[in-house]
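Novice: Before I ask anything, here is the structure I am working with.
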Protein chains: 2
Amino acid sequence: MNIDGRAWRTIWLEEGGGAVSVIDQTQLPHEFSICSLRSCEEVVDAIRRMVVRGAPLIGVTAAYGLMLALRKNPSDSSLTNAIAALNATRPTAVNLRWALERVFRKVSSLDYSERADVAKEEAFLIAEEDVAMCQAIGENGLELIQKLAINRSDYCASDPINILTHCNAGWLATVDWGTALAPIYKAFRAGLNIHVWVDETRPRNQGSSLTAYELACEGVPHTVIADNAGGYLMQKGQVDAVIVGADRVTATGDVCNKIGTYLKALACFDNGVPFYVALPSSTIDWSIGNGLQEIPIEVRSPMEVTHVNGIYQKGSGSSEIVNVQVCPDRTTAFNPAFDITPARLVAALITEKGVANASKDGLEELYTLAK
Amino acid sequence: MNIDGRAWRTIWLEEGGGAVSVIDQTQLPHEFSICSLRSCEEVVDAIRRMVVRGAPLIGVTAAYGLMLALRKNPSDSSLTNAIAALNATRPTAVNLRWALERVFRKVSSLDYSERADVAKEEAFLIAEEDVAMCQAIGENGLELIQKLAINRSDYCASDPINILTHCNAGWLATVDWGTALAPIYKAFRAGLNIHVWVDETRPRNQGSSLTAYELACEGVPHTVIADNAGGYLMQKGQVDAVIVGADRVTATGDVCNKIGTYLKALACFDNGVPFYVALPSSTIDWSIGNGLQEIPIEVRSPMEVTHVNGIYQKGSGSSEIVNVQVCPDRTTAFNPAFDITPARLVAALITEKGVANASKDGLEELYTLAK
């Protein structure tokens with residue numbers, strides 16, 4: 001990823017290994033700041049407050065959180081308490097649980113003295129693998145975008161391939177590259193004429209704040225739209241494909257992703273637009289089939305709906321990030337953070353191992369070894 | 001309508017008839033203020049800035065605007081210029097054109113000296129008829145809600161009928177009662193246990209600001225949700241019906257309404273939830289069939305997407321209505337204000353004359369006399 005010409009990652013171990021640095025995503029796009037997490041408690045808080053977010057990045061951050069917990073206290077109870085606290089931060093994404101289990105398996109049978117160092121190595125490995133998987137997702141998705149360009153008779157320099165994306169599944173949601181945005185970055189660098197419709201993604205506006213920020217940093221042409229507008233753009237032939245990320249995909253191909261994803265998938269289906277989901281294998285939950293019945297959907301604070309964060313230009317030329325109330329005082333809100341897109345609406349799953357049908361057979365074919 | 005125990009309408013002629021008063025909807029829900037419109041130019045500006053909005057109310061306001069123009073200058077050129085200026089404010093809703101044509105037909109063959117007074121009478125009549133039509137829509141919609149209650153075996157005091165609505169089609173969008181909300185107010189007053197899911201309705205937040213305000217004023221239980229959440233609520237069986245208003249309905253039953261309506265209709269269809277559209281006959285455009293091809297869709301300012309209005313609580317205990325920027329500086333937005341819901345997705349049209357199928361036959365049956 002590229003911010004003002006410099007390469008960044010979203011998370012890295014500080015020198016000495018006593019703390020983990022992350023980009024503070026609650027301040028973007030208005031302020032770029034780094035947040036230093038020095039304990040497991042600080043990691044728990046950062047995940048809960050969405051200083052870091054995005055299923056893959058949450059997994060990596062949690063793995064480092066476990067390392068910090070073990071550095072302070074490597075006992076069995078410290079290990080299980082830290083896992084419980086980290087697991088409880090966000091119930092929906094499966095990468096969190098997957099990353100914690102992976103570190104647990106590595107360290108639980110070790111002597112106390114070795115645990116923190118091995119957790120550090122494993123967290124680092126998870127982060128490195130995430131980068132490699134996202135790159136591979138990008139390559140596999142690039143092929144799909146190239147096919148879209150070939151199949152569209154009017155594709156030309158003045159009439160780009162239009163990809164719509166929901167929420168942020170770019171490098172800010174991972175360690176680097178992203179999932180849904182990786183194919184877009186690859187296509188852009190390969191010289192394809194590409195334009196991205198960015199769903200603002202209420203209520204937390206990850207699209208208008210994070211995805212727009214990322215794409216602007218990379219120079220990829222993009223336009224923010226209200227979440228309501230995607231269906232109309234498809235009706236008017238202005239969307240060639242939708243690519244989104246995922247927080248959990250069931251063994252049968254149901255996709256749990258940011259609230260509102262399902263509505264876009266329905267509009268794709270109604271308009272013959274392919275709906276793609278990009279994900280690393282760590283996002284697949286092989287233990288469940290029916291997403292709607294089996295995936296716990298996180299309900300977040302009503303304040304995320306009734307209030308909005310933004311930058312306020314004061315009369316004096318100075319500005320301030322403020323939180324403003326949109327609803328009347330007496331009104332409450334309900335804020336489920338994810339929904340389920342049934343496999344029947346998904347054109348394909350783009351994974352690091354290749355492109356799969358969103359079905360039990362499609363996934364098993366790709367992932368026989370990964371199970 | 002009821003605000004703090006007092007009955008209001010959204011628009012009324014001031015004593016002496018030299019000006020028209022309206023509730024300033026740009027300041028709600030944070031501030032209740034009355035705006036006095038003293039000329040046709042001020043009416044044009046008020047419609048454009050959405051001081052008044054909602055297809056039926058725009059029609060009534062424009063009729064009064066014509067009266068104000070004729071009061072100043074009753075000539076033919078004044079008449080045609082005023083109609084052109086008013087018509088150009090909002091291209092999508094058909095009630096505007098319908099109301100202007102109705103006044104034009106009444107006054108165009110009259111002596112100059114009579115025109116303003118006759119325009120006043122006609123505008124008043126349009127407003128009165130709007131109230132009566134909305135009341136009738138409410139009665140007809142009430143029957144549908146009563147049927148929903150009868151058909152739901154688990155309906156009881158603790159498990160209300162859940163109606164989802166998009167945008168604001170309540171009394172603030174009309175002169176009184178509203179279109180989509182009229183059946184809800186009737187049901188509430190009839191003692192039904194009813195709860196409303198209020199789509200916040202980005203980008204202008206008419207749901208979270210206006211619909212929530214109205215329902216709070218009337219004491220109707222309601223919860224604001226992000227526009228993204230409706231599909232999930234339907235998947236979970238938490239929506240018994242959707243009722244929306246309309247800005248234009250074609251002779252074949254296609255519905256043009258606030259952007260995002262189409263996505264809700266798709267979700268209704270996918271989940272077997274009835275999708276109802278409530279409208280007065282003045283919203284039907286008998287001259288067109290295919291909504292997607294023939295209805296001009298207004299594109300509004302990108303600032304409505306990139307910035308949000310809200311109330312900012314300052315440290316000192318004072319508060320201010322401010323406009324904050326959500327997107328990065330370099331990002332642009334696209335802001336189409338309406339979309340088209342094909343007739344095939346509409347369970348029924350609720351009109352003042354009765355409930356119709358969303359089809360050529362269905363509409364013709366109800367409206368043979370209205371054509």
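Going through the structure tokens in order, the chains are called A, B, and so on, while each chain numbers its residues from 1 and the ligands are numbered from 1 in the order shown.
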Mind dumping a table of every chain B residue within 8 Å of chain A, with the nearest atom pair and its distance in Å to one decimal, using only C-alpha atoms, sorted by chain and rising number, as a tab-separated table?
Specialist:
```
residue	atom	partner	partner_atom	distance
B:Pro29	CA	A:Pro328	CA	5.3
B:His30	CA	A:Pro328	CA	6.5
B:Thr201	CA	A:Asn228	CA	7.8
B:Arg202	CA	A:Ala226	CA	6.1
B:Pro203	CA	A:Ala226	CA	5.9
B:Asn205	CA	A:Val326	CA	7.8
B:Ser208	CA	A:Cys327	CA	5.0
B:Ser209	CA	A:Cys327	CA	5.2
B:Ala212	CA	A:Thr331	CA	6.5
B:Tyr213	CA	A:Pro328	CA	6.0
B:Ala216	CA	A:Arg330	CA	6.8
B:His222	CA	A:Thr331	CA	7.6
B:Thr223	CA	A:Ala333	CA	4.9
B:Val224	CA	A:Ala333	CA	4.4
B:Ile225	CA	A:Phe334	CA	5.6
B:Ala226	CA	A:Pro203	CA	6.0
B:Asp227	CA	A:Asn228	CA	7.0
B:Asn228	CA	A:Gly260	CA	3.9
B:Ala229	CA	A:Ile259	CA	5.9
B:Gly231	CA	A:Leu263	CA	6.2
B:Tyr232	CA	A:Asp339	CA	5.5
B:Gln235	CA	A:Leu292	CA	7.8
B:Ile259	CA	A:Asn228	CA	5.6
B:Gly260	CA	A:Asn228	CA	3.9
B:Thr261	CA	A:Asn228	CA	7.7
B:Tyr262	CA	A:Gly231	CA	6.8
B:Leu263	CA	A:Leu263	CA	5.9
B:Lys264	CA	A:Leu263	CA	7.6
B:Leu266	CA	A:Leu266	CA	6.5
B:Ala267	CA	A:Leu263	CA	6.7
B:Leu292	CA	A:Gln235	CA	7.8
B:Val305	CA	A:Ala226	CA	6.4
B:Thr306	CA	A:Ser208	CA	7.6
B:His307	CA	A:Gly310	CA	7.8
B:Val308	CA	A:Val308	CA	7.6
B:Asn309	CA	A:Val326	CA	6.8
B:Gly310	CA	A:Val326	CA	4.7
B:Ile311	CA	A:Gln325	CA	5.0
B:Tyr312	CA	A:Val324	CA	4.8
B:Gln313	CA	A:Val324	CA	7.4
B:Val322	CA	A:Tyr312	CA	7.5
B:Asn323	CA	A:Tyr312	CA	6.8
B:Val324	CA	A:Tyr312	CA	4.7
B:Gln325	CA	A:Gly310	CA	4.9
B:Val326	CA	A:Gly310	CA	4.6
B:Cys327	CA	A:Ser208	CA	5.0
B:Pro328	CA	A:Pro29	CA	5.3
B:Arg330	CA	A:Ala216	CA	6.8
B:Thr331	CA	A:Ala212	CA	6.5
B:Thr332	CA	A:Thr223	CA	5.5
B:Ala333	CA	A:Val224	CA	4.4
B:Phe334	CA	A:Ile225	CA	5.6
B:Asn335	CA	A:Ile225	CA	6.5
B:Pro336	CA	A:Ala229	CA	6.9
B:Asp339	CA	A:Tyr232	CA	5.5
B:Ile340	CA	A:Tyr232	CA	7.3
```
Novice: Write out as JSON, numbers by chain all residues of segment 19-263 of chain A that backbone DSSP assigns to alpha helix (DSSP H).
Specialist: {"A": [40, 41, 42, 43, 44, 45, 46, 47, 48, 55, 56, 57, 58, 59, 60, 61, 62, 63, 64, 65, 66, 67, 68, 69, 70, 71, 72, 76, 77, 78, 79, 80, 81, 82, 83, 84, 85, 86, 87, 95, 96, 97, 98, 99, 100, 101, 102, 103, 104, 105, 106, 107, 112, 113, 114, 115, 116, 117, 118, 119, 120, 121, 122, 123, 124, 125, 126, 127, 128, 129, 130, 131, 132, 133, 134, 135, 136, 137, 138, 139, 140, 141, 142, 143, 144, 145, 146, 147, 148, 149, 150, 151, 182, 183, 184, 185, 186, 187, 188, 189, 206, 212, 213, 214, 215, 216, 217, 218, 230, 231, 232, 233, 234, 235, 261, 262, 263]}
Novice: Compile the contact shell of segment 5-12 of chain A as a PyMOL selection string: residues with an atom at most 12 Å away, counting only C-alpha atoms, same-chain residues fewer than 6 positions apart removed.
Specialist: chain A and resi 18-25+32-37+43+51-54+56-65+120+123-128+130-131+170-178+214+216-219
Novice: If you measure from atom CA of Ala358 of chain A to atom CA of Leu279 of chain A, what distance in Å do you get, rounded to one decimal?
Specialist: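 Between these atoms lies a distance of 11.8 Å.
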Novice: Hey, what's within 6 Å of segment 238-253 of chain A if we count only C-alpha atoms and toss same-chain stuff fewer than 5 positions away? As a list in words, please?
Specialist: Ala55, Ala93, Val94, Asn162, Ile163, Leu164, Thr165, His166, Ala169, Thr179, Ala180, Leu233, Val273, Pro274, Phe275, Tyr276, Val277, Ala278, Leu279, Thr283, Ile284, Asp285, Trp286, Ile288, Gly289, Ala343, Ala358, Ser359 and Lys360 of chain A
Novice: What does the file look like for those residues with N, CA, C and O atoms, as a JSON list (two decimals), in the first residue's frame?
Specialist:
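Saved result, selection_20.json, follows:
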```json
[["chain", "number", "residue", "atom", "x", "y", "z"],
["A", 55, "ALA", "N", -11.87, -8.34, 8.69],
["A", 55, "ALA", "CA", -11.69, -9.68, 9.25],
["A", 55, "ALA", "C", -10.22, -10.15, 9.26],
["A", 55, "ALA", "O", -9.71, -10.58, 10.30],
["A", 93, "ALA", "N", -16.80, -12.30, 12.57],
["A", 93, "ALA", "CA", -15.70, -12.73, 11.70],
["A", 93, "ALA", "C", -15.04, -13.97, 12.27],
["A", 93, "ALA", "O", -14.84, -14.10, 13.48],
["A", 94, "VAL", "N", -14.68, -14.90, 11.39],
["A", 94, "VAL", "CA", -14.12, -16.17, 11.85],
["A", 94, "VAL", "C", -12.59, -16.12, 11.88],
["A", 94, "VAL", "O", -11.95, -16.92, 12.55],
["A", 162, "ASN", "N", -16.46, -0.81, -14.67],
["A", 162, "ASN", "CA", -16.96, -0.26, -13.41],
["A", 162, "ASN", "C", -17.18, -1.37, -12.40],
["A", 162, "ASN", "O", -18.00, -2.26, -12.62],
["A", 163, "ILE", "N", -16.42, -1.31, -11.32],
["A", 163, "ILE", "CA", -16.56, -2.29, -10.24],
["A", 163, "ILE", "C", -17.18, -1.58, -9.04],
["A", 163, "ILE", "O", -16.72, -0.51, -8.64],
["A", 164, "LEU", "N", -18.23, -2.17, -8.49],
["A", 164, "LEU", "CA", -18.81, -1.62, -7.26],
["A", 164, "LEU", "C", -18.31, -2.44, -6.07],
["A", 164, "LEU", "O", -18.24, -3.67, -6.14],
["A", 165, "THR", "N", -17.94, -1.74, -5.00],
["A", 165, "THR", "CA", -17.56, -2.47, -3.79],
["A", 165, "THR", "C", -18.28, -1.89, -2.58],
["A", 165, "THR", "O", -18.67, -0.72, -2.58],
["A", 166, "HIS", "N", -18.48, -2.73, -1.58],
["A", 166, "HIS", "CA", -19.22, -2.34, -0.38],
["A", 166, "HIS", "C", -18.27, -2.47, 0.80],
["A", 166, "HIS", "O", -17.48, -3.40, 0.88],
["A", 169, "ALA", "N", -12.70, -3.56, 2.02],
["A", 169, "ALA", "CA", -11.98, -4.83, 2.00],
["A", 169, "ALA", "C", -10.70, -4.60, 1.21],
["A", 169, "ALA", "O", -10.34, -5.35, 0.33],
["A", 179, "THR", "N", -8.54, -7.71, 0.15],
["A", 179, "THR", "CA", -9.17, -8.87, -0.49],
["A", 179, "THR", "C", -9.95, -8.37, -1.72],
["A", 179, "THR", "O", -9.49, -8.52, -2.85],
["A", 180, "ALA", "N", -11.09, -7.73, -1.51],
["A", 180, "ALA", "CA", -11.90, -7.26, -2.65],
["A", 180, "ALA", "C", -11.15, -6.24, -3.50],
["A", 180, "ALA", "O", -11.34, -6.17, -4.72],
["A", 233, "LEU", "N", -27.68, 2.13, -10.44],
["A", 233, "LEU", "CA", -26.54, 2.09, -11.36],
["A", 233, "LEU", "C", -26.53, 0.79, -12.16],
["A", 233, "LEU", "O", -26.22, 0.78, -13.35],
["A", 273, "VAL", "N", -25.63, -8.94, -13.24],
["A", 273, "VAL", "CA", -24.27, -8.45, -12.95],
["A", 273, "VAL", "C", -23.59, -9.47, -12.03],
["A", 273, "VAL", "O", -24.17, -9.87, -11.03],
["A", 274, "PRO", "N", -22.36, -9.91, -12.36],
["A", 274, "PRO", "CA", -21.72, -10.90, -11.48],
["A", 274, "PRO", "C", -21.37, -10.33, -10.10],
["A", 274, "PRO", "O", -20.85, -9.22, -10.00],
["A", 275, "PHE", "N", -21.66, -11.10, -9.08],
["A", 275, "PHE", "CA", -21.39, -10.72, -7.69],
["A", 275, "PHE", "C", -20.29, -11.62, -7.16],
["A", 275, "PHE", "O", -20.49, -12.81, -6.95],
["A", 276, "TYR", "N", -19.09, -11.04, -6.97],
["A", 276, "TYR", "CA", -17.93, -11.81, -6.54],
["A", 276, "TYR", "C", -17.59, -11.51, -5.08],
["A", 276, "TYR", "O", -17.72, -10.38, -4.62],
["A", 277, "VAL", "N", -17.12, -12.53, -4.38],
["A", 277, "VAL", "CA", -16.66, -12.36, -3.01],
["A", 277, "VAL", "C", -15.21, -12.80, -2.93],
["A", 277, "VAL", "O", -14.87, -13.90, -3.36],
["A", 278, "ALA", "N", -14.35, -11.92, -2.43],
["A", 278, "ALA", "CA", -12.91, -12.21, -2.36],
["A", 278, "ALA", "C", -12.54, -12.50, -0.90],
["A", 278, "ALA", "O", -12.90, -11.73, -0.01],
["A", 279, "LEU", "N", -11.82, -13.58, -0.67],
["A", 279, "LEU", "CA", -11.51, -13.98, 0.71],
["A", 279, "LEU", "C", -10.31, -14.91, 0.78],
["A", 279, "LEU", "O", -10.09, -15.71, -0.13],
["A", 283, "THR", "N", -11.05, -17.28, 6.11],
["A", 283, "THR", "CA", -12.40, -16.72, 6.29],
["A", 283, "THR", "C", -13.47, -17.80, 6.18],
["A", 283, "THR", "O", -14.64, -17.57, 6.47],
["A", 284, "ILE", "N", -13.08, -19.00, 5.75],
["A", 284, "ILE", "CA", -14.06, -20.07, 5.61],
["A", 284, "ILE", "C", -14.25, -20.78, 6.94],
["A", 284, "ILE", "O", -13.29, -21.17, 7.60],
["A", 285, "ASP", "N", -15.51, -20.93, 7.33],
["A", 285, "ASP", "CA", -15.85, -21.68, 8.53],
["A", 285, "ASP", "C", -16.41, -23.02, 8.08],
["A", 285, "ASP", "O", -17.59, -23.15, 7.75],
["A", 286, "TRP", "N", -15.54, -24.03, 8.07],
["A", 286, "TRP", "CA", -15.93, -25.35, 7.57],
["A", 286, "TRP", "C", -16.93, -26.03, 8.49],
["A", 286, "TRP", "O", -17.52, -27.04, 8.12],
["A", 288, "ILE", "N", -19.81, -24.91, 9.63],
["A", 288, "ILE", "CA", -21.23, -24.58, 9.50],
["A", 288, "ILE", "C", -21.69, -24.53, 8.05],
["A", 288, "ILE", "O", -20.89, -24.31, 7.13],
["A", 289, "GLY", "N", -22.99, -24.73, 7.86],
["A", 289, "GLY", "CA", -23.57, -24.74, 6.52],
["A", 289, "GLY", "C", -24.48, -23.55, 6.27],
["A", 289, "GLY", "O", -24.24, -22.74, 5.40],
["A", 343, "ALA", "N", -25.62, -18.40, -0.90],
["A", 343, "ALA", "CA", -24.70, -18.84, -1.95],
["A", 343, "ALA", "C", -25.30, -18.72, -3.34],
["A", 343, "ALA", "O", -24.59, -18.42, -4.31],
["A", 358, "ALA", "N", -19.58, -20.85, -5.38],
["A", 358, "ALA", "CA", -20.04, -20.69, -4.00],
["A", 358, "ALA", "C", -20.96, -21.86, -3.66],
["A", 358, "ALA", "O", -22.18, -21.74, -3.65],
["A", 359, "SER", "N", -20.36, -23.00, -3.39],
["A", 359, "SER", "CA", -21.12, -24.21, -3.07],
["A", 359, "SER", "C", -20.19, -25.15, -2.32],
["A", 359, "SER", "O", -18.97, -24.97, -2.30],
["A", 360, "LYS", "N", -20.80, -26.14, -1.70],
["A", 360, "LYS", "CA", -20.03, -27.15, -0.98],
["A", 360, "LYS", "C", -19.00, -27.79, -1.91],
["A", 360, "LYS", "O", -17.81, -27.87, -1.58]]
```
Novice: Grab the atom CA of Ser113 of chain A to atom CA of Leu96 of chain A distance for me, in Å with one decimal place.
Specialist: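 It comes out at 25.0 Å.
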Novice: One decimal, Å: what's the distance from atom CA of Arg48 of chain A over to atom CA of Trp98 of chain A, could you say?
Specialist: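 Computed distance, atom CA of Arg48 of chain A to atom CA of Trp98 of chain A, equals 17.6 Å.
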Novice: Using only C-alpha atoms, can you tell me which of B:Ala132, B:Ile150, B:Leu79, B:Ala347 comes closest to Gly272 of chain B?
Specialist: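 Result for the nearest residue to Gly272 of chain B: B:Ala347.
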Novice: Taking the DSSP assignment computed from this structure's backbone, write out as a count of residues only all residues of segment 150-258 of chain A that belong to strand (DSSP E).
Specialist: 26
